[in-house]
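Novice: This is the structure I want to talk about, given as structure tokens.
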Amino acid sequence: MSGTIVKVSGPLIVASGMGDVEMHDVVRVSAKHLIGEVIELRDDKASIQVYEETAGLGPGEPVESTGSPLSVELAPGLIEGIFDGIQRPLDVIYKKAGDRITRGIEVPKLNRERKWKFEPQVAVGDKVIGGDIIGVVQETPAVLHKIMLPPGKEGTIEWVYSGDATIVDIIYKIKNKDGKVEEFPMLQTWPVRVSRPYKEKLAPTEPMITGQRVIDALFPIAKGGVAAIPGPFGSGKTVTQHQLAKWADADIIVYIGCGERGNEMTDVLMEFPTLNDPRTGLPLMKRTVLIANTSDMPVAAREASIYTGITIAEYFRDMGYKVALMADSTSRWAEAMREMSSRLEEMPGDEGYPAYLASRLAEFYERAGIVKCVGSEEREGAVSAIGAVSPPGGDISEPVSQATLRIVKVFWCLSASLAYARHFPAIDWLQSYSLYSDRLKAYYNGSVASDWSRLINGMMNVLQEESSLNEIVRLVGVDALGFKDRITLECARSIREDFLHQNSFHEVDTYTSLEKQYGMMEMIMGWYDKAEAALEQHVHLDKLIDMPVREKIGRMKYVPEKDYKEQFAIIGKEMDSEFATLTEGGDLDA
């Protein structure tokens with residue numbers, strides 16, 4: 001099916017003679033073979049968003065339809081891959097064309113020459129249905145890639161191969177219910193705009209441990225949950241997402257750099273291969289897929305990159321893995337939608353964004369979740385989606401932030417004032433929230449400590465009380481407060497500086513286990529409870545504030561994981577001893 005260009009408007013072209021194409025079909029534009037996708041049909045005219053630079057195109061040039069929608073290739077070779085927004089491997093393009101992507105360049109999405117050792121998990125005569133695991137490939141030392149029968153297929157195994165094969169070699173055959181024999185390679189394709197099927201979506205019950213104290217303790221995200229990180233420029237969105245990608249309790253990481261600055265993506269590409277993965281002891285790239293679509297790449301490909309990433313994440317979810325997907329940032333994706341919508345001359349919505357902005361965002365985030373996977377074997381997989389939002393000027397009342405807030409269950413609000421004060425992660429504890437907190441209480445109280453929730457509630461109460469007291473301090477000064485309120489302010493400062501503040505570049509402080517977090521909270525809140533009791537016995541306020549043990553409490557976060565139990569026990573004994581000295585000795589008020 002071929003047509004002819006009649007109009008070129010930036011990344012949008014209109015072609016006539018396209019009466020037989022369907023929505024979202026992929027087309028090749030002009031003799032340069034630029035990749036495009038049909039996004040609107042009117043009579044025999046098709047509006048096409050082109051994923052490459054359109055400079056030099058003009059009316060009269062041909063447009064060829066491929067007859068298939070924009071799809072990703074799913075097979076061994078995805079892990080450790082670095083792709084652009086439409087799954088072209090950037091390392092292969094670099095070797096072929098240098099450090100600038102040549103227009104119309106055609107490279108296979110996955111390596112078709114590399115051989116993988118395929119180990120069958122089924123035998124001739126076995127009955128199989130879509131989603132069943134036919135065999136496995138050890139893709140990297142950290143990831144066992146499970147080769148599944150594509151969804152919707154079923155039959156009896158007629159023949160299965162064992163040994164080395166490429167992703168396009170036939171490795172098994174099945175006889176379907178019509179008696180026909182179908183042949184299958186490891187490679188399967190899936191349209192990016194169609195979510196992969198599952199048996200049942202489940203309610204999340206476990207947290208995704210991140211090692212970031214402000215997140216795990218105050219605003220946890222569940223496995224299979226959705227979260228947003230909105231914040232102004234310079235508030236640490238990207239670093240927070242890097243931390244989550246490094247330390248999140250997930251089997252597979254999919255990181256999408258959608259319209260972000262090239263130097264930030266370079267940091268990711270340079271850093272991830274050198275990072276030691278705490279789960280496996282191997283480089284983090286051994287279980288990571290990177291999709292890089294920087295701000296200087298064609299705007300239309302930003303929209304595709306989000307769908308490419310979530311489809312790859314769903315594929316690994318179907319194997320029974322827990323996947324963490326980072327999208328940085330959905331605002332750039334929304335801006336790409338706004339540009340294409342305006343070129344299509346659609347009726348604009350709020351601030352020029354298309355009227356379907358909220359539904360597209362919901363469509364993306366709804367593809368996350370914890371599910372029972374298709375197939376005869378019982379297994380569960382999860383995709384946890386975390387999207388950064390970059391509101392202009394940090395104003396979260398703008399449409400993308402507001403539409404995202406209506407969908408996600410966790411809101412980590414980054415504060416410019418905290419960032420300028422060098423408090424990182426700059427997550428504002430008064431504006432952020434997690435709707436998973438109540439659901440995850442049972443896990444924390446059962447698996448970590450029975451009074452976890454009590455400590456969290458106590459800390460949040462102190463922080464909220466500090467906010468109210470600061471209003472009085474600004475008006476009349478700290479001396480107007482009573483001793484009990486002064487102790488509250490001191491405890492809040494300790495919570496902020498000693499617990500919530502975390503240095504992502506410090507080898508120990510970058511990650512904190514739940515057990516160590518509990519020990520830190522117990523120590524800080526223990527000092528607060530004992531200090532309030534000491535005040536009742538008329539101990540001097542200054543003596544309580546200047547207790548030597550408080551310096552050791554402030555340095556607890558730098559105690560290595562292997563030593564924390566022993567060290568915290570010593571600090572606890574010192575604290576008890578100092579309080580005993582204060583209440584029994586001569587440090588009481590006259």
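Each chain in the structure tokens gets a letter, A, B, ..., in the order shown, and its residues are numbered from 1; ligands are numbered from 1 in order too.
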Could you list, as a PDB file with N, CA, C and O atoms, in the first residue's frame, every residue within 12 Å of A:Asp529, counting only C-alpha atoms and ignoring same-chain residues fewer than 2 positions away?
Specialist:
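Result went into around_37.pdb, see below:
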ATOM      1  N   LEU A 455       5.884   3.887  65.460  1.00  0.00           N
ATOM      2  CA  LEU A 455       7.022   4.801  65.305  1.00  0.00           C
ATOM      3  C   LEU A 455       6.799   5.768  64.142  1.00  0.00           C
ATOM      4  O   LEU A 455       7.096   6.958  64.242  1.00  0.00           O
ATOM      5  N   GLY A 458       4.336   8.375  65.156  1.00  0.00           N
ATOM      6  CA  GLY A 458       4.982   9.296  66.076  1.00  0.00           C
ATOM      7  C   GLY A 458       5.871  10.296  65.357  1.00  0.00           C
ATOM      8  O   GLY A 458       5.847  11.503  65.645  1.00  0.00           O
ATOM      9  N   MET A 459       6.645   9.812  64.382  1.00  0.00           N
ATOM     10  CA  MET A 459       7.525  10.704  63.626  1.00  0.00           C
ATOM     11  C   MET A 459       6.733  11.724  62.814  1.00  0.00           C
ATOM     12  O   MET A 459       7.073  12.907  62.777  1.00  0.00           O
ATOM     13  N   VAL A 462       5.385  14.438  65.049  1.00  0.00           N
ATOM     14  CA  VAL A 462       6.432  15.393  65.446  1.00  0.00           C
ATOM     15  C   VAL A 462       6.719  16.369  64.305  1.00  0.00           C
ATOM     16  O   VAL A 462       6.833  17.587  64.514  1.00  0.00           O
ATOM     17  N   LYS A 484       8.598  21.660  76.550  1.00  0.00           N
ATOM     18  CA  LYS A 484       8.124  20.472  75.825  1.00  0.00           C
ATOM     19  C   LYS A 484       8.134  20.727  74.317  1.00  0.00           C
ATOM     20  O   LYS A 484       8.533  19.873  73.521  1.00  0.00           O
ATOM     21  N   ILE A 487      11.666  20.623  72.987  1.00  0.00           N
ATOM     22  CA  ILE A 487      12.111  19.232  72.804  1.00  0.00           C
ATOM     23  C   ILE A 487      11.537  18.662  71.492  1.00  0.00           C
ATOM     24  O   ILE A 487      12.217  17.941  70.755  1.00  0.00           O
ATOM     25  N   THR A 488      10.272  19.009  71.206  1.00  0.00           N
ATOM     26  CA  THR A 488       9.643  18.565  69.951  1.00  0.00           C
ATOM     27  C   THR A 488      10.422  19.084  68.750  1.00  0.00           C
ATOM     28  O   THR A 488      10.671  18.347  67.784  1.00  0.00           O
ATOM     29  N   CYS A 491      13.608  17.115  68.388  1.00  0.00           N
ATOM     30  CA  CYS A 491      13.346  15.778  67.834  1.00  0.00           C
ATOM     31  C   CYS A 491      13.081  15.865  66.336  1.00  0.00           C
ATOM     32  O   CYS A 491      13.582  15.052  65.551  1.00  0.00           O
ATOM     33  N   GLU A 522      13.756   3.918  66.106  1.00  0.00           N
ATOM     34  CA  GLU A 522      13.573   3.544  67.510  1.00  0.00           C
ATOM     35  C   GLU A 522      14.478   4.385  68.419  1.00  0.00           C
ATOM     36  O   GLU A 522      14.066   4.831  69.492  1.00  0.00           O
ATOM     37  N   MET A 523      15.712   4.646  67.947  1.00  0.00           N
ATOM     38  CA  MET A 523      16.658   5.424  68.740  1.00  0.00           C
ATOM     39  C   MET A 523      16.218   6.888  68.844  1.00  0.00           C
ATOM     40  O   MET A 523      16.235   7.481  69.936  1.00  0.00           O
ATOM     41  N   ILE A 524      15.816   7.477  67.711  1.00  0.00           N
ATOM     42  CA  ILE A 524      15.429   8.900  67.700  1.00  0.00           C
ATOM     43  C   ILE A 524      14.173   9.111  68.548  1.00  0.00           C
ATOM     44  O   ILE A 524      14.109  10.019  69.394  1.00  0.00           O
ATOM     45  N   MET A 525      13.155   8.262  68.332  1.00  0.00           N
ATOM     46  CA  MET A 525      11.905   8.414  69.078  1.00  0.00           C
ATOM     47  C   MET A 525      12.083   7.992  70.540  1.00  0.00           C
ATOM     48  O   MET A 525      11.397   8.502  71.428  1.00  0.00           O
ATOM     49  N   GLY A 526      13.023   7.065  70.794  1.00  0.00           N
ATOM     50  CA  GLY A 526      13.326   6.681  72.168  1.00  0.00           C
ATOM     51  C   GLY A 526      13.911   7.849  72.947  1.00  0.00           C
ATOM     52  O   GLY A 526      13.546   8.096  74.113  1.00  0.00           O
ATOM     53  N   TRP A 527      14.837   8.602  72.286  1.00  0.00           N
ATOM     54  CA  TRP A 527      15.393   9.802  72.936  1.00  0.00           C
ATOM     55  C   TRP A 527      14.272  10.810  73.244  1.00  0.00           C
ATOM     56  O   TRP A 527      14.229  11.389  74.332  1.00  0.00           O
ATOM     57  N   ALA A 531      13.319  12.059  76.838  1.00  0.00           N
ATOM     58  CA  ALA A 531      13.536  13.492  77.108  1.00  0.00           C
ATOM     59  C   ALA A 531      12.275  14.128  77.681  1.00  0.00           C
ATOM     60  O   ALA A 531      12.340  14.955  78.610  1.00  0.00           O
ATOM     61  N   GLU A 532      11.116  13.757  77.136  1.00  0.00           N
ATOM     62  CA  GLU A 532       9.848  14.290  77.677  1.00  0.00           C
ATOM     63  C   GLU A 532       9.659  13.833  79.123  1.00  0.00           C
ATOM     64  O   GLU A 532       9.232  14.612  79.978  1.00  0.00           O
ATOM     65  N   ALA A 533       9.991  12.567  79.396  1.00  0.00           N
ATOM     66  CA  ALA A 533       9.862  12.052  80.769  1.00  0.00           C
ATOM     67  C   ALA A 533      10.840  12.765  81.703  1.00  0.00           C
ATOM     68  O   ALA A 533      10.509  13.081  82.864  1.00  0.00           O
ATOM     69  N   ALA A 534      12.061  13.055  81.211  1.00  0.00           N
ATOM     70  CA  ALA A 534      13.064  13.755  82.025  1.00  0.00           C
ATOM     71  C   ALA A 534      12.614  15.184  82.345  1.00  0.00           C
ATOM     72  O   ALA A 534      12.865  15.695  83.435  1.00  0.00           O
ATOM     73  N   LEU A 535      11.929  15.815  81.368  1.00  0.00           N
ATOM     74  CA  LEU A 535      11.409  17.173  81.622  1.00  0.00           C
ATOM     75  C   LEU A 535      10.415  17.151  82.777  1.00  0.00           C
ATOM     76  O   LEU A 535      10.370  18.072  83.591  1.00  0.00           O
ATOM     77  N   GLU A 536       9.606  16.080  82.825  1.00  0.00           N
ATOM     78  CA  GLU A 536       8.630  15.937  83.909  1.00  0.00           C
ATOM     79  C   GLU A 536       9.342  15.867  85.272  1.00  0.00           C
ATOM     80  O   GLU A 536       8.795  16.242  86.294  1.00  0.00           O
ATOM     81  N   LEU A 544      19.489  18.215  78.244  1.00  0.00           N
ATOM     82  CA  LEU A 544      18.901  17.201  77.356  1.00  0.00           C
ATOM     83  C   LEU A 544      19.349  17.418  75.914  1.00  0.00           C
ATOM     84  O   LEU A 544      19.678  16.468  75.200  1.00  0.00           O
ATOM     85  N   MET A 575      22.754   5.911  75.878  1.00  0.00           N
ATOM     86  CA  MET A 575      21.627   6.827  76.056  1.00  0.00           C
ATOM     87  C   MET A 575      20.935   6.558  77.402  1.00  0.00           C
ATOM     88  O   MET A 575      20.652   7.508  78.159  1.00  0.00           O
ATOM     89  N   ASP A 576      20.684   5.289  77.705  1.00  0.00           N
ATOM     90  CA  ASP A 576      20.055   4.950  78.989  1.00  0.00           C
ATOM     91  C   ASP A 576      20.910   5.425  80.159  1.00  0.00           C
ATOM     92  O   ASP A 576      20.396   5.968  81.141  1.00  0.00           O
ATOM     93  N   PHE A 579      20.736   9.304  80.499  1.00  0.00           N
ATOM     94  CA  PHE A 579      19.447   9.732  81.081  1.00  0.00           C
ATOM     95  C   PHE A 579      19.407   9.406  82.580  1.00  0.00           C
ATOM     96  O   PHE A 579      18.901  10.191  83.388  1.00  0.00           O
TER      97      PHE A 579
END
Novice: Excluding stretch 102-107 of chain A and residues on its chain fewer than 5 positions from it, collect all residues at most 10 Å away from it, counting only C-alpha atoms, and give them as a PDB file with N, CA and C atoms, in the first residue's frame.
Specialist:
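Written file, part11.pdb:
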ATOM      1  N   ARG A  28       6.831   3.786   5.911  1.00  0.00           N
ATOM      2  CA  ARG A  28       8.154   4.278   5.523  1.00  0.00           C
ATOM      3  C   ARG A  28       7.942   5.482   4.613  1.00  0.00           C
ATOM      4  N   VAL A  29       8.545   6.590   4.990  1.00  0.00           N
ATOM      5  CA  VAL A  29       8.268   7.865   4.336  1.00  0.00           C
ATOM      6  C   VAL A  29       9.421   8.254   3.417  1.00  0.00           C
ATOM      7  N   SER A  30       9.103   8.546   2.150  1.00  0.00           N
ATOM      8  CA  SER A  30      10.031   9.044   1.120  1.00  0.00           C
ATOM      9  C   SER A  30      11.086   7.999   0.786  1.00  0.00           C
ATOM     10  N   ALA A  31      11.960   8.366  -0.157  1.00  0.00           N
ATOM     11  CA  ALA A  31      13.031   7.453  -0.569  1.00  0.00           C
ATOM     12  C   ALA A  31      14.040   7.245   0.561  1.00  0.00           C
ATOM     13  N   LYS A  32      14.014   8.133   1.561  1.00  0.00           N
ATOM     14  CA  LYS A  32      14.941   8.006   2.702  1.00  0.00           C
ATOM     15  C   LYS A  32      14.492   6.920   3.691  1.00  0.00           C
ATOM     16  N   HIS A  33      13.275   6.409   3.508  1.00  0.00           N
ATOM     17  CA  HIS A  33      12.725   5.338   4.366  1.00  0.00           C
ATOM     18  C   HIS A  33      12.644   5.752   5.833  1.00  0.00           C
ATOM     19  N   LEU A  34      12.161   6.972   6.098  1.00  0.00           N
ATOM     20  CA  LEU A  34      11.973   7.422   7.471  1.00  0.00           C
ATOM     21  C   LEU A  34      10.823   6.642   8.103  1.00  0.00           C
ATOM     22  N   ILE A  35      10.933   6.358   9.399  1.00  0.00           N
ATOM     23  CA  ILE A  35       9.896   5.566  10.085  1.00  0.00           C
ATOM     24  C   ILE A  35       8.806   6.505  10.589  1.00  0.00           C
ATOM     25  N   TYR A  51       9.129   9.562  13.179  1.00  0.00           N
ATOM     26  CA  TYR A  51      10.031   9.423  14.315  1.00  0.00           C
ATOM     27  C   TYR A  51      11.459   9.874  14.011  1.00  0.00           C
ATOM     28  N   GLU A  52      11.640  10.520  12.859  1.00  0.00           N
ATOM     29  CA  GLU A  52      12.952  11.029  12.494  1.00  0.00           C
ATOM     30  C   GLU A  52      12.795  12.449  11.947  1.00  0.00           C
ATOM     31  N   GLU A  53      13.923  13.133  11.782  1.00  0.00           N
ATOM     32  CA  GLU A  53      13.916  14.511  11.299  1.00  0.00           C
ATOM     33  C   GLU A  53      13.335  14.576   9.883  1.00  0.00           C
ATOM     34  N   THR A  54      12.386  15.520   9.669  1.00  0.00           N
ATOM     35  CA  THR A  54      11.688  15.581   8.367  1.00  0.00           C
ATOM     36  C   THR A  54      12.209  16.700   7.462  1.00  0.00           C
ATOM     37  N   ARG A  88      15.467   0.929  18.438  1.00  0.00           N
ATOM     38  CA  ARG A  88      16.651   0.702  17.616  1.00  0.00           C
ATOM     39  C   ARG A  88      17.872   0.699  18.538  1.00  0.00           C
ATOM     40  N   PRO A  89      18.754  -0.298  18.442  1.00  0.00           N
ATOM     41  CA  PRO A  89      19.900  -0.379  19.359  1.00  0.00           C
ATOM     42  C   PRO A  89      20.920   0.718  19.053  1.00  0.00           C
ATOM     43  N   LEU A  90      21.175   1.568  20.034  1.00  0.00           N
ATOM     44  CA  LEU A  90      22.044   2.727  19.799  1.00  0.00           C
ATOM     45  C   LEU A  90      23.506   2.315  19.605  1.00  0.00           C
ATOM     46  N   VAL A  92      24.570  -0.374  18.047  1.00  0.00           N
ATOM     47  CA  VAL A  92      24.697  -0.869  16.668  1.00  0.00           C
ATOM     48  C   VAL A  92      24.684   0.314  15.691  1.00  0.00           C
ATOM     49  N   ILE A  93      23.777   1.286  15.954  1.00  0.00           N
ATOM     50  CA  ILE A  93      23.720   2.473  15.089  1.00  0.00           C
ATOM     51  C   ILE A  93      25.040   3.238  15.150  1.00  0.00           C
ATOM     52  N   TYR A  94      25.614   3.324  16.362  1.00  0.00           N
ATOM     53  CA  TYR A  94      26.886   4.049  16.522  1.00  0.00           C
ATOM     54  C   TYR A  94      27.999   3.402  15.688  1.00  0.00           C
ATOM     55  N   LYS A  96      27.609   1.671  13.056  1.00  0.00           N
ATOM     56  CA  LYS A  96      27.300   1.749  11.628  1.00  0.00           C
ATOM     57  C   LYS A  96      27.386   3.177  11.088  1.00  0.00           C
ATOM     58  N   ALA A  97      26.965   4.165  11.928  1.00  0.00           N
ATOM     59  CA  ALA A  97      26.807   5.527  11.397  1.00  0.00           C
ATOM     60  C   ALA A  97      27.570   6.590  12.183  1.00  0.00           C
TER      61      ALA A  97
END
Novice: Run DSSP on the backbone and grab whatever in stretch 239-334 of chain A lands in strand (DSSP E); send it over as a PyMOL selection string.
Specialist: chain A and resi 252-258+288-293+322-328
Novice: If we count only C-alpha atoms, what is near stretch 67-80 of chain A at a cut-off of 7 Å, once residues fewer than 2 positions away on the same chain are taken out, given as a list in words?
Specialist: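 Neighbouring residues, sequence-local ones excluded: Val21, His24, Asp25, Val26, Ser65, Ile82, Gln87, Lys109, Leu110, Asn111, Glu139, His145, Ile167, Met186, Leu187, Gln188, Thr189, Trp190, Pro191, Val192, Met285, Lys286, Arg287, Thr288, Val289 and Thr308 of chain A.
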Novice: Can you tell me which residues surround stretch 134-136 of chain A at a distance of at most 10 Å, considering only C-alpha atoms, apart from same-chain residues fewer than 6 positions away, and format the answer as a list in words?
Specialist: Pro76, Trp116, Lys117, Phe118, Glu119, Pro120, Gln121, Val122, Ala123, Val128, Leu144, His145, Lys146, Ile147, Met148, Leu149, Ile157, Val160, Tyr161, Ser162, Ile171, Tyr172 and Met186 of chain A
Novice: Those residues with N, CA and C atoms, as a PDB file, in the first residue's frame please?
Specialist:
ATOM      1  N   PRO A  76      15.720 -12.966  23.895  1.00  0.00           N
ATOM      2  CA  PRO A  76      17.020 -12.725  24.523  1.00  0.00           C
ATOM      3  C   PRO A  76      17.804 -11.659  23.755  1.00  0.00           C
ATOM      4  N   TRP A 116      22.290 -18.303  21.367  1.00  0.00           N
ATOM      5  CA  TRP A 116      21.982 -18.455  22.788  1.00  0.00           C
ATOM      6  C   TRP A 116      21.769 -19.938  23.078  1.00  0.00           C
ATOM      7  N   LYS A 117      22.152 -20.363  24.269  1.00  0.00           N
ATOM      8  CA  LYS A 117      21.952 -21.769  24.640  1.00  0.00           C
ATOM      9  C   LYS A 117      20.526 -21.952  25.136  1.00  0.00           C
ATOM     10  N   PHE A 118      19.715 -22.635  24.345  1.00  0.00           N
ATOM     11  CA  PHE A 118      18.306 -22.862  24.671  1.00  0.00           C
ATOM     12  C   PHE A 118      18.142 -24.216  25.353  1.00  0.00           C
ATOM     13  N   GLU A 119      17.526 -24.182  26.552  1.00  0.00           N
ATOM     14  CA  GLU A 119      17.288 -25.417  27.308  1.00  0.00           C
ATOM     15  C   GLU A 119      15.785 -25.644  27.403  1.00  0.00           C
ATOM     16  N   PRO A 120      15.266 -26.667  26.752  1.00  0.00           N
ATOM     17  CA  PRO A 120      13.805 -26.891  26.760  1.00  0.00           C
ATOM     18  C   PRO A 120      13.293 -27.289  28.139  1.00  0.00           C
ATOM     19  N   GLN A 121      12.054 -26.873  28.414  1.00  0.00           N
ATOM     20  CA  GLN A 121      11.389 -27.231  29.676  1.00  0.00           C
ATOM     21  C   GLN A 121      10.147 -28.087  29.420  1.00  0.00           C
ATOM     22  N   VAL A 122       9.937 -28.439  28.152  1.00  0.00           N
ATOM     23  CA  VAL A 122       8.780 -29.273  27.783  1.00  0.00           C
ATOM     24  C   VAL A 122       9.285 -30.453  26.948  1.00  0.00           C
ATOM     25  N   ALA A 123       8.428 -31.437  26.782  1.00  0.00           N
ATOM     26  CA  ALA A 123       8.783 -32.615  25.977  1.00  0.00           C
ATOM     27  C   ALA A 123       7.724 -32.840  24.901  1.00  0.00           C
ATOM     28  N   VAL A 128       0.323 -27.447  25.673  1.00  0.00           N
ATOM     29  CA  VAL A 128       0.747 -26.101  26.114  1.00  0.00           C
ATOM     30  C   VAL A 128      -0.289 -25.071  25.685  1.00  0.00           C
ATOM     31  N   LEU A 144      17.511 -15.130  34.038  1.00  0.00           N
ATOM     32  CA  LEU A 144      17.135 -16.325  33.284  1.00  0.00           C
ATOM     33  C   LEU A 144      15.952 -15.942  32.397  1.00  0.00           C
ATOM     34  N   HIS A 145      16.184 -15.919  31.097  1.00  0.00           N
ATOM     35  CA  HIS A 145      15.145 -15.490  30.150  1.00  0.00           C
ATOM     36  C   HIS A 145      14.254 -16.695  29.825  1.00  0.00           C
ATOM     37  N   LYS A 146      12.954 -16.542  30.087  1.00  0.00           N
ATOM     38  CA  LYS A 146      12.022 -17.652  29.869  1.00  0.00           C
ATOM     39  C   LYS A 146      11.319 -17.470  28.522  1.00  0.00           C
ATOM     40  N   ILE A 147      11.474 -18.460  27.651  1.00  0.00           N
ATOM     41  CA  ILE A 147      10.848 -18.406  26.322  1.00  0.00           C
ATOM     42  C   ILE A 147       9.433 -18.959  26.451  1.00  0.00           C
ATOM     43  N   MET A 148       8.445 -18.079  26.180  1.00  0.00           N
ATOM     44  CA  MET A 148       7.036 -18.446  26.394  1.00  0.00           C
ATOM     45  C   MET A 148       6.307 -18.613  25.063  1.00  0.00           C
ATOM     46  N   LEU A 149       5.309 -19.496  25.076  1.00  0.00           N
ATOM     47  CA  LEU A 149       4.409 -19.589  23.927  1.00  0.00           C
ATOM     48  C   LEU A 149       3.618 -18.291  23.848  1.00  0.00           C
ATOM     49  N   ILE A 157       3.035 -30.155  21.809  1.00  0.00           N
ATOM     50  CA  ILE A 157       4.417 -30.060  21.332  1.00  0.00           C
ATOM     51  C   ILE A 157       4.698 -31.219  20.356  1.00  0.00           C
ATOM     52  N   VAL A 160      10.843 -30.198  19.734  1.00  0.00           N
ATOM     53  CA  VAL A 160      11.494 -29.122  20.476  1.00  0.00           C
ATOM     54  C   VAL A 160      13.001 -29.301  20.368  1.00  0.00           C
ATOM     55  N   TYR A 161      13.708 -28.172  20.238  1.00  0.00           N
ATOM     56  CA  TYR A 161      15.152 -28.182  20.017  1.00  0.00           C
ATOM     57  C   TYR A 161      15.879 -27.959  21.339  1.00  0.00           C
ATOM     58  N   SER A 162      17.109 -28.452  21.413  1.00  0.00           N
ATOM     59  CA  SER A 162      17.961 -28.193  22.577  1.00  0.00           C
ATOM     60  C   SER A 162      19.354 -27.854  22.062  1.00  0.00           C
ATOM     61  N   ILE A 171      12.734 -23.202  17.113  1.00  0.00           N
ATOM     62  CA  ILE A 171      13.185 -24.009  18.255  1.00  0.00           C
ATOM     63  C   ILE A 171      12.102 -24.969  18.770  1.00  0.00           C
ATOM     64  N   TYR A 172      10.857 -24.760  18.341  1.00  0.00           N
ATOM     65  CA  TYR A 172       9.823 -25.740  18.707  1.00  0.00           C
ATOM     66  C   TYR A 172       8.649 -25.628  17.743  1.00  0.00           C
ATOM     67  N   MET A 186      12.536 -18.117  19.091  1.00  0.00           N
ATOM     68  CA  MET A 186      12.526 -17.438  20.399  1.00  0.00           C
ATOM     69  C   MET A 186      11.880 -16.065  20.287  1.00  0.00           C
TER      70      MET A 186
END
Novice: Between A:Tyr198, A:Phe272, A:Tyr528, A:Tyr518, which has the minimum distance to A:Met319 (counting only C-alpha atoms)?
Specialist: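 For A:Met319, the nearest of the candidates is A:Tyr198.
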Novice: In terms of the shortest atom-to-atom distance over only C-alpha atoms, which of A:Ser9, A:Thr311, A:Ser450, A:Asn263 is closest to A:Leu344?
Specialist: A:Ser9
Novice: Quote the spacing between atom CA of A:Arg367 and atom CA of A:Ile133 in Å to one decimal place.
Specialist: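 These atoms are spaced 22.2 Å apart.
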Novice: Using only C-alpha atoms, find each residue of stretch 451-529 of chain A with at least one atom at most 10 Å away from an atom of stretch 403-426 of chain A; report its shortest atom-to-atom pair and that distance in Å (one decimal), sort the rows by chain and rising residue number, and return the result as a tab-separated table.
Specialist:
residue	atom	partner	partner_atom	distance
A:Arg496	CA	A:His423	CA	8.6
A:Glu497	CA	A:His423	CA	8.1
A:Leu500	CA	A:Pro425	CA	7.8
A:His501	CA	A:Phe424	CA	5.6
A:Gln502	CA	A:Phe424	CA	6.0
A:Asn503	CA	A:Phe424	CA	6.9
A:Ser504	CA	A:Phe424	CA	8.2
Novice: From the set A:Ile312, A:Ile252, A:Val181, A:Leu325, which residue has the shortest atom-to-atom contact distance to A:Gly225, counting only C-alpha atoms?
Specialist: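 Smallest separation from A:Gly225 among the options: A:Leu325.
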Novice: Which residue is closest to A:Arg317? Choose from A:Leu57, A:Ile253, A:Leu12, A:Ala442 and count only C-alpha atoms.
Specialist: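 Among the listed residues, the smallest separation from A:Arg317 belongs to A:Ile253.
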Novice: Nearest to A:Ser447 among A:Gly375, A:Glu206, A:Val38, A:Trp333, with distances taken over only C-alpha atoms: which residue is it?
Specialist: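 Looking only at the distances to A:Ser447, the closest residue turns out to be A:Glu206.
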Novice: My list of candidates is A:Arg338, A:Lys441, A:Lys372, A:Arg379. Which is closest to A:Leu202 when distances are computed with only C-alpha atoms?
Specialist: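 Residue with the minimum atom-to-atom distance to A:Leu202: A:Lys372.
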